[in-house]
Amino acid sequence: MNTNFMNTNSMNLNFLNTNSANLYSINPYVQYMYSYPHKTAYRPLTGFDLKDHVHGLKGPGHGLYLHIPFCQAKCGYCNLFSVTGQGSKAVDRYLDALERQCGQYAELLDSQKTEFSELVIGGGTPLYLTEDQMERMFAMLKEHFHFNEEREFVIETAPNQTTAEKLKRLKQAGATRVSMGIQSFLDKELSALGRQHSAKSAREALNLLKSYQFPCVNLDFIYGIPGQTEGSLLRTLQEALDYEPDEIFLYPLYIKHGAGLEWAGVVPDWKGAMGQYERASFFLKENGFRQDSMRRFVRTDAKRAFSECGFGSSLSLGCGGRSYLGRLHFCRPYAVTQKECLAGIEEYVNCKDYREISHGILLSEEEIKRRFVIRHLLIRPGLPLEQYQMHFGSDAIEDFPLLKKWAEEGYVKRERHLNQQKSRGIDKNNGEPYLALTEKGLAFSDYLGPQLISPQIQRAMKGWEDEHGRIYAAVSGESEKL
């Protein structure tokens with residue numbers, strides 16, 4: 001067993017190359033910018049129908065997301081659209097509705113010759129379904145939609161729901177990436193998070209998962225857990241390496257409104273979490289992983305291909321995901337609590353016309369620019385400056401002067417990246433210039449990203465928070481203005 005983690009006290013861990021007093025003067029954990037804008041900025045829509053926007057799904061190269069909202073239990077930190085305590089009849093009703101939605105969407109997609117290159121099934125816990133329900137789900141997807149022969153198929157699971165029979169079904173269905181939420185290999189920390197699995201069951205599930213040799217296995221872990229130390233986090237990560245995962249996602253503990261830990265009065269220790277992040281990221285990079293974002297660590301032998309974000313189209317099935325069709329983003333209303341999510345599911349299963357779009361947002365040109373910057377800058381290789389110029393006819397740093405300020409503060413830097421791909425007339429073999437996060441910038445991603453939220457979106461998000469009696473936690477001060 002590699003024991004590098006035992007010697008980290010003697011290592012130079014000040015990789016952020018900044019004064020430690022300054023490092024710990026700013027809380028970096030403001031908001032996870034996994035997409036833009038956030039669902040709380042969406043509002044009711046009238047007069048929108050999928051048939052008028054389905055041209056955005058013409059031909060190949062699109063994503064399909066399917067949401068399964070069922071879980072064995074709601075974890076203490078979870079603020080996602082999910083429900084617990086639902087039996088097979090409730091799941092079957094949901095699948096009945098899903099099949100109706102698939103049929104209605106398929107009628108529209110046939111005329112566009114839509115071909116999906118990616119299928120993502122998330123939740124909730126997708127493997128909460130029985131084997132027969134999984135078979136039914138896969139059958140309806142195969143019947144109604146067309147997929148590229150080399151399509152990616154990503155699915156999430158949890159230790160208690162990972163069985164040999166279910167993994168066999170995933171293998172037969174062609175899953176290419178399986179992501180398992182472990183969070184910790186210490187029972188005390190799992191209990192603090194409200195997780196229902198034990199460290200023992202996690203190990204058993206992982207051994208089983210590895211035996212099926214999926215092309216990519218990802219493991220999720222959390223830092224900043226009450227009672228967790230830098231040493232216990234490193235012990236968990238060391239054990240994770242023994243299973244040779246292809247990717248590791250390392251999440252800071254957030255406690256949002258509606259999550260169980262909020263009611264328990266838990267207040268995250270952001271300074272402690274920052275120290276844990278610093279040691280953990282150093283440890284993973286010392287042990288054969290490349291850091292692609294604040295959360296994502298990938299084996300260094302995995303290729304990094306440029307993937308243009310911000311303009312991709314994606315269609316969502318079920319009641320918890322969202323669709324992106326050009327300027328139009330839509331989903332069902334944001335919900336967190338059991339009562340809200342159950343009401344959302346009931347509305348979904350009783351819906352007659354799934355083509356009607358009744359909740360979402362139509363992005364302005366300014367918001368599309370912000371989305372492009374946020375979606376690229378927060379993950380390496382970073383923001384492609386020539387592509388930004390090509391798409392918008394302007395310079396990204398002139399449009400967003402904050403980027404220049406971040407460069408002066410050591411959060412971002414200019415880099416050139418060689419890439420064998422060609423995209424829309426730009427040959428990246430010559431080394432296209434990118435604006436990329438530094439190691440310091442990666443650590444502060446959840447502090448930097450929210451500063452790019454427009455004043456309009458901030459007001460909409462705050463309006464939702466006020467209406468629902470929830471706490472607004474945006475970055476203080478004005479956001480970057482174009």
# chains A, B, ... in the order shown; residues from 1 in each chain; ligands from 1

call {"tool": "closest_atom_pairs", "arguments": {"of": "range 301-336 of chain A", "to": "range 95-106 of chain A", "cutoff": "12 Å", "atoms": "only C-alpha atoms", "output": "Markdown table"}}
result
| residue | atom | partner | partner_atom | distance |
| --- | --- | --- | --- | --- |
| A:Leu315 | CA | A:Tyr105 | CA | 9.5 |
| A:Ser316 | CA | A:Cys102 | CA | 10.1 |
| A:Leu317 | CA | A:Leu98 | CA | 7.0 |
| A:Gly318 | CA | A:Leu98 | CA | 6.1 |
| A:Cys319 | CA | A:Leu98 | CA | 9.1 |

call {"tool": "residues_around", "arguments": {"residues": "Lys113 in chain A", "least_positions_apart": "6", "cutoff": "8 Å", "atoms": "only C-alpha atoms", "output": "number ranges by chain"}}
result
A: 58-60

call {"tool": "residues_around", "arguments": {"residues": "range 432-438 of chain A", "least_positions_apart": "4", "cutoff": "6 Å", "atoms": "only C-alpha atoms", "output": "list in words"}}
result
Gly382, Leu383, Pro384, Leu385, Tyr411, Val412, Lys413, Arg414, Glu415, Arg416, His417, Lys428 and Leu442 of chain A

call {"tool": "write_last_selection", "arguments": {"atoms": "N, CA and C atoms", "output": "PDB file, in the first residue's frame"}}
result
ATOM      1  N   GLY A 382      -9.897  25.330 -20.087  1.00  0.00           N
ATOM      2  CA  GLY A 382     -10.242  26.699 -19.788  1.00  0.00           C
ATOM      3  C   GLY A 382     -11.051  27.373 -20.876  1.00  0.00           C
ATOM      4  N   LEU A 383     -11.041  28.703 -20.864  1.00  0.00           N
ATOM      5  CA  LEU A 383     -11.827  29.521 -21.780  1.00  0.00           C
ATOM      6  C   LEU A 383     -11.053  29.721 -23.082  1.00  0.00           C
ATOM      7  N   PRO A 384     -11.551  29.200 -24.220  1.00  0.00           N
ATOM      8  CA  PRO A 384     -10.854  29.354 -25.505  1.00  0.00           C
ATOM      9  C   PRO A 384     -11.091  30.767 -26.055  1.00  0.00           C
ATOM     10  N   LEU A 385     -10.060  31.596 -26.028  1.00  0.00           N
ATOM     11  CA  LEU A 385     -10.234  33.013 -26.337  1.00  0.00           C
ATOM     12  C   LEU A 385     -10.569  33.251 -27.803  1.00  0.00           C
ATOM     13  N   TYR A 411      -5.467  34.177 -10.002  1.00  0.00           N
ATOM     14  CA  TYR A 411      -6.518  33.166 -10.129  1.00  0.00           C
ATOM     15  C   TYR A 411      -6.551  32.528 -11.517  1.00  0.00           C
ATOM     16  N   VAL A 412      -6.185  33.290 -12.557  1.00  0.00           N
ATOM     17  CA  VAL A 412      -6.212  32.780 -13.925  1.00  0.00           C
ATOM     18  C   VAL A 412      -4.915  33.163 -14.630  1.00  0.00           C
ATOM     19  N   LYS A 413      -4.619  32.450 -15.708  1.00  0.00           N
ATOM     20  CA  LYS A 413      -3.445  32.767 -16.510  1.00  0.00           C
ATOM     21  C   LYS A 413      -3.702  32.334 -17.943  1.00  0.00           C
ATOM     22  N   ARG A 414      -2.958  32.946 -18.867  1.00  0.00           N
ATOM     23  CA  ARG A 414      -3.042  32.564 -20.273  1.00  0.00           C
ATOM     24  C   ARG A 414      -2.174  31.330 -20.514  1.00  0.00           C
ATOM     25  N   GLU A 415      -2.719  30.395 -21.290  1.00  0.00           N
ATOM     26  CA  GLU A 415      -1.980  29.209 -21.688  1.00  0.00           C
ATOM     27  C   GLU A 415      -2.294  28.903 -23.144  1.00  0.00           C
ATOM     28  N   ARG A 416      -1.425  28.113 -23.774  1.00  0.00           N
ATOM     29  CA  ARG A 416      -1.718  27.614 -25.116  1.00  0.00           C
ATOM     30  C   ARG A 416      -1.810  26.102 -25.053  1.00  0.00           C
ATOM     31  N   HIS A 417      -2.804  25.560 -25.711  1.00  0.00           N
ATOM     32  CA  HIS A 417      -3.031  24.122 -25.664  1.00  0.00           C
ATOM     33  C   HIS A 417      -3.034  23.546 -27.069  1.00  0.00           C
ATOM     34  N   LYS A 428      -6.539  23.863 -33.786  1.00  0.00           N
ATOM     35  CA  LYS A 428      -5.883  24.006 -32.495  1.00  0.00           C
ATOM     36  C   LYS A 428      -4.499  23.354 -32.469  1.00  0.00           C
ATOM     37  N   LEU A 442      -8.422  27.216  -9.158  1.00  0.00           N
ATOM     38  CA  LEU A 442      -9.203  25.995  -8.992  1.00  0.00           C
ATOM     39  C   LEU A 442      -9.776  25.909  -7.582  1.00  0.00           C
TER      40      LEU A 442
END

call {"tool": "atom_distance", "arguments": {"atom1": "CA of Glu239 in chain A", "atom2": "CA of Ala158 in chain A"}}
result
17.5 Å

call {"tool": "atom_distance", "arguments": {"atom1": "CA of Leu64 in chain A", "atom2": "CA of Glu118 in chain A"}}
result
6.1 Å

call {"tool": "residues_around", "arguments": {"residues": "Tyr77 in chain A", "least_positions_apart": "2", "cutoff": "6 Å", "atoms": "only C-alpha atoms", "output": "number ranges by chain"}}
result
A: 75, 255, 259, 261

call {"tool": "select_by_dssp", "arguments": {"residues": "range 12-210 of chain A", "states": "strand (DSSP E)", "output": "number ranges by chain"}}
result
A: 43-49, 60-68, 70-71, 83-84, 115-123, 147-157, 177-183

call {"tool": "closest_residue", "arguments": {"among": "A:Ala73, A:Leu253, A:Ile379, A:Ala460", "to": "Arg43 in chain A", "atoms": "only C-alpha atoms"}}
result
A:Ala460

call {"tool": "residues_around", "arguments": {"residues": "Ser88 in chain A", "least_positions_apart": "2", "cutoff": "10 Å", "atoms": "only C-alpha atoms", "output": "MDAnalysis selection string"}}
result
chainID A and resid 86 90:94 128:130 133

call {"tool": "decode", "arguments": {"residues": "range 130-153 of chain A", "atoms": "C-alpha atoms", "output": "compact mmCIF listing (two decimals), in the first residue's frame"}}
result
# COMPACT_ATOMS: atom_id res chain seq x y z
CA THR A 130 -35.72 -3.33 -9.66
CA GLU A 131 -34.04 -5.37 -12.39
CA ASP A 132 -37.33 -5.63 -14.28
CA GLN A 133 -37.91 -1.88 -14.01
CA MET A 134 -34.40 -1.26 -15.30
CA GLU A 135 -35.09 -3.53 -18.26
CA ARG A 136 -38.28 -1.63 -18.97
CA MET A 137 -36.47 1.72 -18.81
CA PHE A 138 -33.75 0.59 -21.20
CA ALA A 139 -36.32 -0.90 -23.58
CA MET A 140 -38.30 2.33 -23.86
CA LEU A 141 -35.14 4.32 -24.54
CA LYS A 142 -34.13 1.87 -27.27
CA GLU A 143 -37.60 1.93 -28.80
CA HIS A 144 -38.09 5.69 -28.94
CA PHE A 145 -34.64 7.24 -29.49
CA HIS A 146 -31.69 6.88 -31.83
CA PHE A 147 -28.16 6.79 -30.43
CA ASN A 148 -24.75 7.07 -32.02
CA GLU A 149 -22.93 3.75 -32.11
CA GLU A 150 -20.15 5.22 -29.97
CA ARG A 151 -22.47 7.04 -27.59
CA GLU A 152 -21.49 7.61 -23.98
CA PHE A 153 -23.79 6.08 -21.37
